[in-house]
Amino acid sequence: MVLPRINLPKLLVKPVGRAISDFGMIKAGDKILLAVSGGKDSLSLFHILRHFQRHSPVKFELGVVTIDPQVEGFEPQALEVFFKQFDTPYFFEEFPIMEQAKESMRGDSYCSFCSRIKRGLMYKVARREGYNVLALGQHLDDLSESLMMSMCHNGKIQTMKAHYINDAKDLRIIRPMVYVRERQLADFASSTDLPVIADSCPACFSMPTEREYFKQWLLEEEKRIPNLYKNLLSAMKPMLDETKDLNNG
């Protein structure tokens, strides 16, 4: 079977390779399960990880999981056809997240509730299928937005981690795109014609989010401060690096 040719720009490969190296994300023999929602970020990361799987001296396995929240308007089933052409193990889990939210949410945001449920389902699939690493597709814009939200709403200087171990200490979670800008991923997805599924977050088309507000605010500030995201990355870097703990643990 002839696989589709994908030309990965160095602007994506180099920062991801640097992040993998900086934070010790991938080790020989790892079985990495990539969470793919159908959005441009996770689909782009799939191609980037395949590139490293082929070219890196560190050998690892790669599989993909999609969580279907069973929300009207979100149809991720087409992803299975896409991944079959790459001969990649693909796991599809269905769970009525919004229905569960109506019954179980108590003073939490929908986004937080959804994220928690999805993460639990991903952990379940990883354990069941023998994967020891979960890869997520957040990028530098996501981390910057989380930092601002945490400071403004919670009075805490914190954001997403680049590499950490879950509470049960049986899975490592990595975010290989922490040095990558969202616009770079959008350009790649467009030029490669990735099968992006619109509204991959079931709340996006029904409720505006606080994250979207901070996204637009930061992008507007970037026009005034061109090095804004570079500076934010420098400020966040000490919070992202848990490799010492991981290597000593």
# chains A, B, ... in the order shown; residues from 1 in each chain; ligands from 1
call {"tool": "select_by_dssp", "arguments": {"residues": "stretch 145-188 of chain A", "states": "strand (DSSP E)", "output": "list in words"}}
result
His163, Tyr164, Ile165, Arg172, Ile173 and Ile174 of chain A
call {"tool": "write_last_selection", "arguments": {"atoms": "all heavy atoms", "output": "compact mmCIF listing (two decimals), in the first residue's frame"}}
result
# COMPACT_ATOMS: atom_id res chain seq x y z
N HIS A 163 5.65 17.55 30.17
CA HIS A 163 5.94 16.14 30.41
C HIS A 163 5.74 15.84 31.89
O HIS A 163 6.38 16.47 32.73
CB HIS A 163 7.39 15.86 30.00
CG HIS A 163 7.78 14.41 30.07
ND1 HIS A 163 9.08 13.99 29.82
CD2 HIS A 163 7.08 13.29 30.33
CE1 HIS A 163 9.15 12.67 29.93
NE2 HIS A 163 7.94 12.23 30.25
N TYR A 164 4.85 14.93 32.22
CA TYR A 164 4.62 14.60 33.62
C TYR A 164 4.06 13.19 33.74
O TYR A 164 3.73 12.54 32.74
CB TYR A 164 3.67 15.61 34.27
CG TYR A 164 2.25 15.60 33.73
CD1 TYR A 164 1.23 14.92 34.40
CD2 TYR A 164 1.91 16.30 32.58
CE1 TYR A 164 -0.06 14.91 33.92
CE2 TYR A 164 0.61 16.31 32.10
CZ TYR A 164 -0.37 15.60 32.77
OH TYR A 164 -1.66 15.60 32.28
N ILE A 165 3.98 12.71 34.97
CA ILE A 165 3.42 11.39 35.26
C ILE A 165 2.05 11.58 35.91
O ILE A 165 1.87 12.48 36.73
CB ILE A 165 4.34 10.58 36.19
CG1 ILE A 165 5.69 10.32 35.50
CG2 ILE A 165 3.72 9.24 36.56
CD1 ILE A 165 6.68 9.55 36.36
N ARG A 172 2.96 8.22 31.45
CA ARG A 172 3.56 9.53 31.23
C ARG A 172 2.73 10.29 30.22
O ARG A 172 2.23 9.69 29.26
CB ARG A 172 5.01 9.38 30.74
CG ARG A 172 5.96 8.92 31.81
CD ARG A 172 7.41 9.03 31.37
NE ARG A 172 7.76 8.06 30.33
CZ ARG A 172 8.07 8.35 29.08
NH1 ARG A 172 8.04 9.61 28.65
NH2 ARG A 172 8.40 7.41 28.22
N ILE A 173 2.58 11.58 30.42
CA ILE A 173 1.83 12.43 29.50
C ILE A 173 2.80 13.44 28.89
O ILE A 173 3.57 14.08 29.62
CB ILE A 173 0.66 13.16 30.21
CG1 ILE A 173 -0.39 12.15 30.70
CG2 ILE A 173 -0.01 14.15 29.26
CD1 ILE A 173 -0.13 11.53 32.02
N ILE A 174 2.79 13.53 27.56
CA ILE A 174 3.71 14.45 26.87
C ILE A 174 2.93 15.39 25.96
O ILE A 174 1.88 15.04 25.42
CB ILE A 174 4.77 13.67 26.05
CG1 ILE A 174 4.13 12.83 24.95
CG2 ILE A 174 5.63 12.82 26.97
CD1 ILE A 174 5.14 12.16 24.01
call {"tool": "residues_around", "arguments": {"residues": "A:Pro57", "least_positions_apart": "3", "cutoff": "12 Å", "atoms": "only C-alpha atoms", "output": "list in words"}}
result
Ile26, Lys27, Ala28, Gly29, His51, Phe52, Gln53, Arg54 and Phe60 of chain A
call {"tool": "atom_distance", "arguments": {"atom1": "atom CA of A:Tyr90", "atom2": "atom CA of A:Val65"}}
result
5.9 Å
call {"tool": "atom_distance", "arguments": {"atom1": "atom CA of A:His139", "atom2": "atom CA of A:Arg181"}}
result
6.2 Å
call {"tool": "atom_distance", "arguments": {"atom1": "atom CA of A:Met160", "atom2": "atom CA of A:Leu143"}}
result
5.9 Å
call {"tool": "select_by_dssp", "arguments": {"residues": "stretch 122-216 of chain A", "states": "helix (DSSP H, G or I)", "output": "compact mmCIF listing (two decimals) with N, CA, C and O atoms, in the first residue's frame"}}
result
# COMPACT_ATOMS: atom_id res chain seq x y z
N MET A 122 -9.12 8.17 28.03
CA MET A 122 -7.83 7.94 27.35
C MET A 122 -6.93 7.05 28.20
O MET A 122 -6.26 6.14 27.69
N TYR A 123 -6.88 7.31 29.50
CA TYR A 123 -6.08 6.48 30.40
C TYR A 123 -6.56 5.03 30.34
O TYR A 123 -5.76 4.09 30.32
N LYS A 124 -7.88 4.86 30.30
CA LYS A 124 -8.45 3.50 30.28
C LYS A 124 -7.99 2.75 29.03
O LYS A 124 -7.58 1.58 29.10
N VAL A 125 -8.05 3.43 27.88
CA VAL A 125 -7.63 2.80 26.62
C VAL A 125 -6.13 2.49 26.65
O VAL A 125 -5.70 1.40 26.25
N ALA A 126 -5.32 3.44 27.13
CA ALA A 126 -3.88 3.22 27.19
C ALA A 126 -3.55 2.00 28.04
O ALA A 126 -2.73 1.15 27.63
N ARG A 127 -4.17 1.88 29.20
CA ARG A 127 -3.90 0.73 30.08
C ARG A 127 -4.37 -0.57 29.44
O ARG A 127 -3.66 -1.58 29.47
N ARG A 128 -5.55 -0.54 28.87
CA ARG A 128 -6.12 -1.74 28.26
C ARG A 128 -5.27 -2.24 27.10
O ARG A 128 -5.09 -3.45 26.91
N GLU A 129 -4.72 -1.32 26.31
CA GLU A 129 -3.99 -1.69 25.10
C GLU A 129 -2.46 -1.74 25.28
O GLU A 129 -1.73 -1.98 24.34
N LEU A 140 1.95 26.14 21.95
CA LEU A 140 2.38 27.30 22.75
C LEU A 140 1.24 28.27 23.00
O LEU A 140 1.14 28.83 24.11
N ASP A 141 0.37 28.48 22.03
CA ASP A 141 -0.77 29.38 22.24
C ASP A 141 -1.65 28.85 23.38
O ASP A 141 -2.12 29.61 24.23
N ASP A 142 -1.90 27.53 23.40
CA ASP A 142 -2.72 26.93 24.46
C ASP A 142 -2.10 27.16 25.83
O ASP A 142 -2.79 27.50 26.79
N LEU A 143 -0.78 26.92 25.93
CA LEU A 143 -0.10 27.08 27.21
C LEU A 143 -0.16 28.53 27.68
O LEU A 143 -0.35 28.80 28.87
N SER A 144 0.01 29.47 26.75
CA SER A 144 -0.03 30.90 27.09
C SER A 144 -1.41 31.31 27.58
O SER A 144 -1.54 32.05 28.56
N GLU A 145 -2.45 30.80 26.92
CA GLU A 145 -3.82 31.11 27.34
C GLU A 145 -4.10 30.53 28.73
O GLU A 145 -4.73 31.19 29.57
N SER A 146 -3.63 29.32 28.98
CA SER A 146 -3.83 28.70 30.29
C SER A 146 -3.13 29.49 31.39
O SER A 146 -3.66 29.65 32.49
N LEU A 147 -1.93 29.98 31.08
CA LEU A 147 -1.18 30.78 32.05
C LEU A 147 -1.96 32.03 32.43
O LEU A 147 -2.13 32.33 33.62
N MET A 148 -2.47 32.75 31.44
CA MET A 148 -3.21 33.98 31.71
C MET A 148 -4.51 33.71 32.45
O MET A 148 -4.87 34.45 33.37
N MET A 149 -5.20 32.66 32.07
CA MET A 149 -6.45 32.30 32.75
C MET A 149 -6.19 31.96 34.21
O MET A 149 -6.95 32.36 35.09
N SER A 150 -5.14 31.21 34.46
CA SER A 150 -4.82 30.81 35.82
C SER A 150 -4.47 32.01 36.69
O SER A 150 -4.93 32.12 37.84
N MET A 151 -3.67 32.93 36.15
CA MET A 151 -3.29 34.12 36.91
C MET A 151 -4.49 35.02 37.18
O MET A 151 -4.69 35.51 38.29
N CYS A 152 -5.30 35.24 36.14
CA CYS A 152 -6.41 36.20 36.26
C CYS A 152 -7.56 35.65 37.09
O CYS A 152 -8.22 36.40 37.82
N HIS A 153 -7.84 34.36 36.96
CA HIS A 153 -9.01 33.79 37.64
C HIS A 153 -8.69 33.10 38.96
O HIS A 153 -9.51 33.09 39.87
N ASN A 154 -7.49 32.50 39.04
CA ASN A 154 -7.16 31.71 40.23
C ASN A 154 -6.03 32.28 41.06
O ASN A 154 -5.73 31.75 42.14
N GLU A 182 0.19 28.11 17.06
CA GLU A 182 -1.03 27.59 16.44
C GLU A 182 -1.11 27.93 14.95
O GLU A 182 -1.55 27.11 14.15
N ARG A 183 -0.66 29.11 14.57
CA ARG A 183 -0.77 29.49 13.16
C ARG A 183 0.10 28.60 12.27
O ARG A 183 -0.23 28.38 11.10
N GLN A 184 1.19 28.08 12.81
CA GLN A 184 2.02 27.15 12.03
C GLN A 184 1.25 25.86 11.74
O GLN A 184 1.35 25.29 10.65
N LEU A 185 0.49 25.41 12.72
CA LEU A 185 -0.31 24.19 12.55
C LEU A 185 -1.46 24.43 11.59
O LEU A 185 -1.80 23.55 10.78
N ALA A 186 -2.06 25.60 11.65
CA ALA A 186 -3.15 25.93 10.74
C ALA A 186 -2.64 25.96 9.29
O ALA A 186 -3.31 25.45 8.38
N ASP A 187 -1.46 26.52 9.09
CA ASP A 187 -0.87 26.57 7.74
C ASP A 187 -0.60 25.16 7.22
O ASP A 187 -0.86 24.84 6.06
N PHE A 188 -0.05 24.31 8.11
CA PHE A 188 0.26 22.93 7.70
C PHE A 188 -1.01 22.16 7.36
O PHE A 188 -1.08 21.47 6.35
N ALA A 189 -2.03 22.27 8.22
CA ALA A 189 -3.28 21.55 7.99
C ALA A 189 -3.92 21.97 6.68
O ALA A 189 -4.47 21.15 5.94
N SER A 190 -3.84 23.27 6.38
CA SER A 190 -4.43 23.78 5.15
C SER A 190 -3.66 23.31 3.92
O SER A 190 -4.25 22.86 2.94
N SER A 191 -2.34 23.39 3.98
CA SER A 191 -1.52 23.03 2.82
C SER A 191 -1.53 21.52 2.56
O SER A 191 -1.34 21.08 1.43
N THR A 192 -1.77 20.74 3.60
CA THR A 192 -1.75 19.28 3.47
C THR A 192 -3.15 18.71 3.28
O THR A 192 -3.32 17.52 3.04
N GLU A 210 -14.19 31.07 27.91
CA GLU A 210 -13.26 32.05 28.47
C GLU A 210 -11.91 31.95 27.77
O GLU A 210 -11.23 32.94 27.55
N ARG A 211 -11.53 30.73 27.38
CA ARG A 211 -10.27 30.53 26.68
C ARG A 211 -10.24 31.33 25.37
O ARG A 211 -9.22 31.91 25.01
N GLU A 212 -11.34 31.36 24.66
CA GLU A 212 -11.39 32.10 23.40
C GLU A 212 -11.15 33.59 23.63
O GLU A 212 -10.50 34.26 22.82
N TYR A 213 -11.67 34.10 24.74
CA TYR A 213 -11.45 35.51 25.06
C TYR A 213 -9.95 35.79 25.23
O TYR A 213 -9.43 36.75 24.66
N PHE A 214 -9.26 34.94 26.00
CA PHE A 214 -7.83 35.16 26.24
C PHE A 214 -7.01 34.91 24.97
O PHE A 214 -5.98 35.57 24.76
N LYS A 215 -7.46 33.99 24.12
CA LYS A 215 -6.78 33.76 22.85
C LYS A 215 -6.76 35.04 22.02
O LYS A 215 -5.71 35.48 21.54
N GLN A 216 -7.92 35.65 21.87
CA GLN A 216 -8.01 36.87 21.06
C GLN A 216 -7.26 38.02 21.71
O GLN A 216 -6.63 38.83 21.02
call {"tool": "closest_residue", "arguments": {"among": "A:His55, A:Lys84, A:Arg119, A:Arg18", "to": "A:Asn166", "atoms": "only C-alpha atoms"}}
result
A:Arg119
call {"tool": "residues_around", "arguments": {"residues": "A:Pro176", "least_positions_apart": "4", "cutoff": "7 Å", "atoms": "only C-alpha atoms", "output": "number ranges by chain"}}
result
A: 16, 19-20
call {"tool": "write_last_selection", "arguments": {"atoms": "N, CA and C atoms", "output": "mmCIF file, in the first residue's frame"}}
result
data_model
loop_
_atom_site.group_PDB
_atom_site.id
_atom_site.type_symbol
_atom_site.label_atom_id
_atom_site.label_comp_id
_atom_site.auth_asym_id
_atom_site.auth_seq_id
_atom_site.Cartn_x
_atom_site.Cartn_y
_atom_site.Cartn_z
ATOM 1 N N VAL A 16 9.481 20.726 17.593
ATOM 2 C CA VAL A 16 8.985 19.510 18.251
ATOM 3 C C VAL A 16 10.168 18.630 18.656
ATOM 4 N N ALA A 19 11.715 20.135 21.735
ATOM 5 C CA ALA A 19 10.919 19.903 22.944
ATOM 6 C C ALA A 19 11.056 18.459 23.424
ATOM 7 N N ILE A 20 11.023 17.512 22.490
ATOM 8 C CA ILE A 20 11.182 16.102 22.852
ATOM 9 C C ILE A 20 12.520 15.890 23.551
#
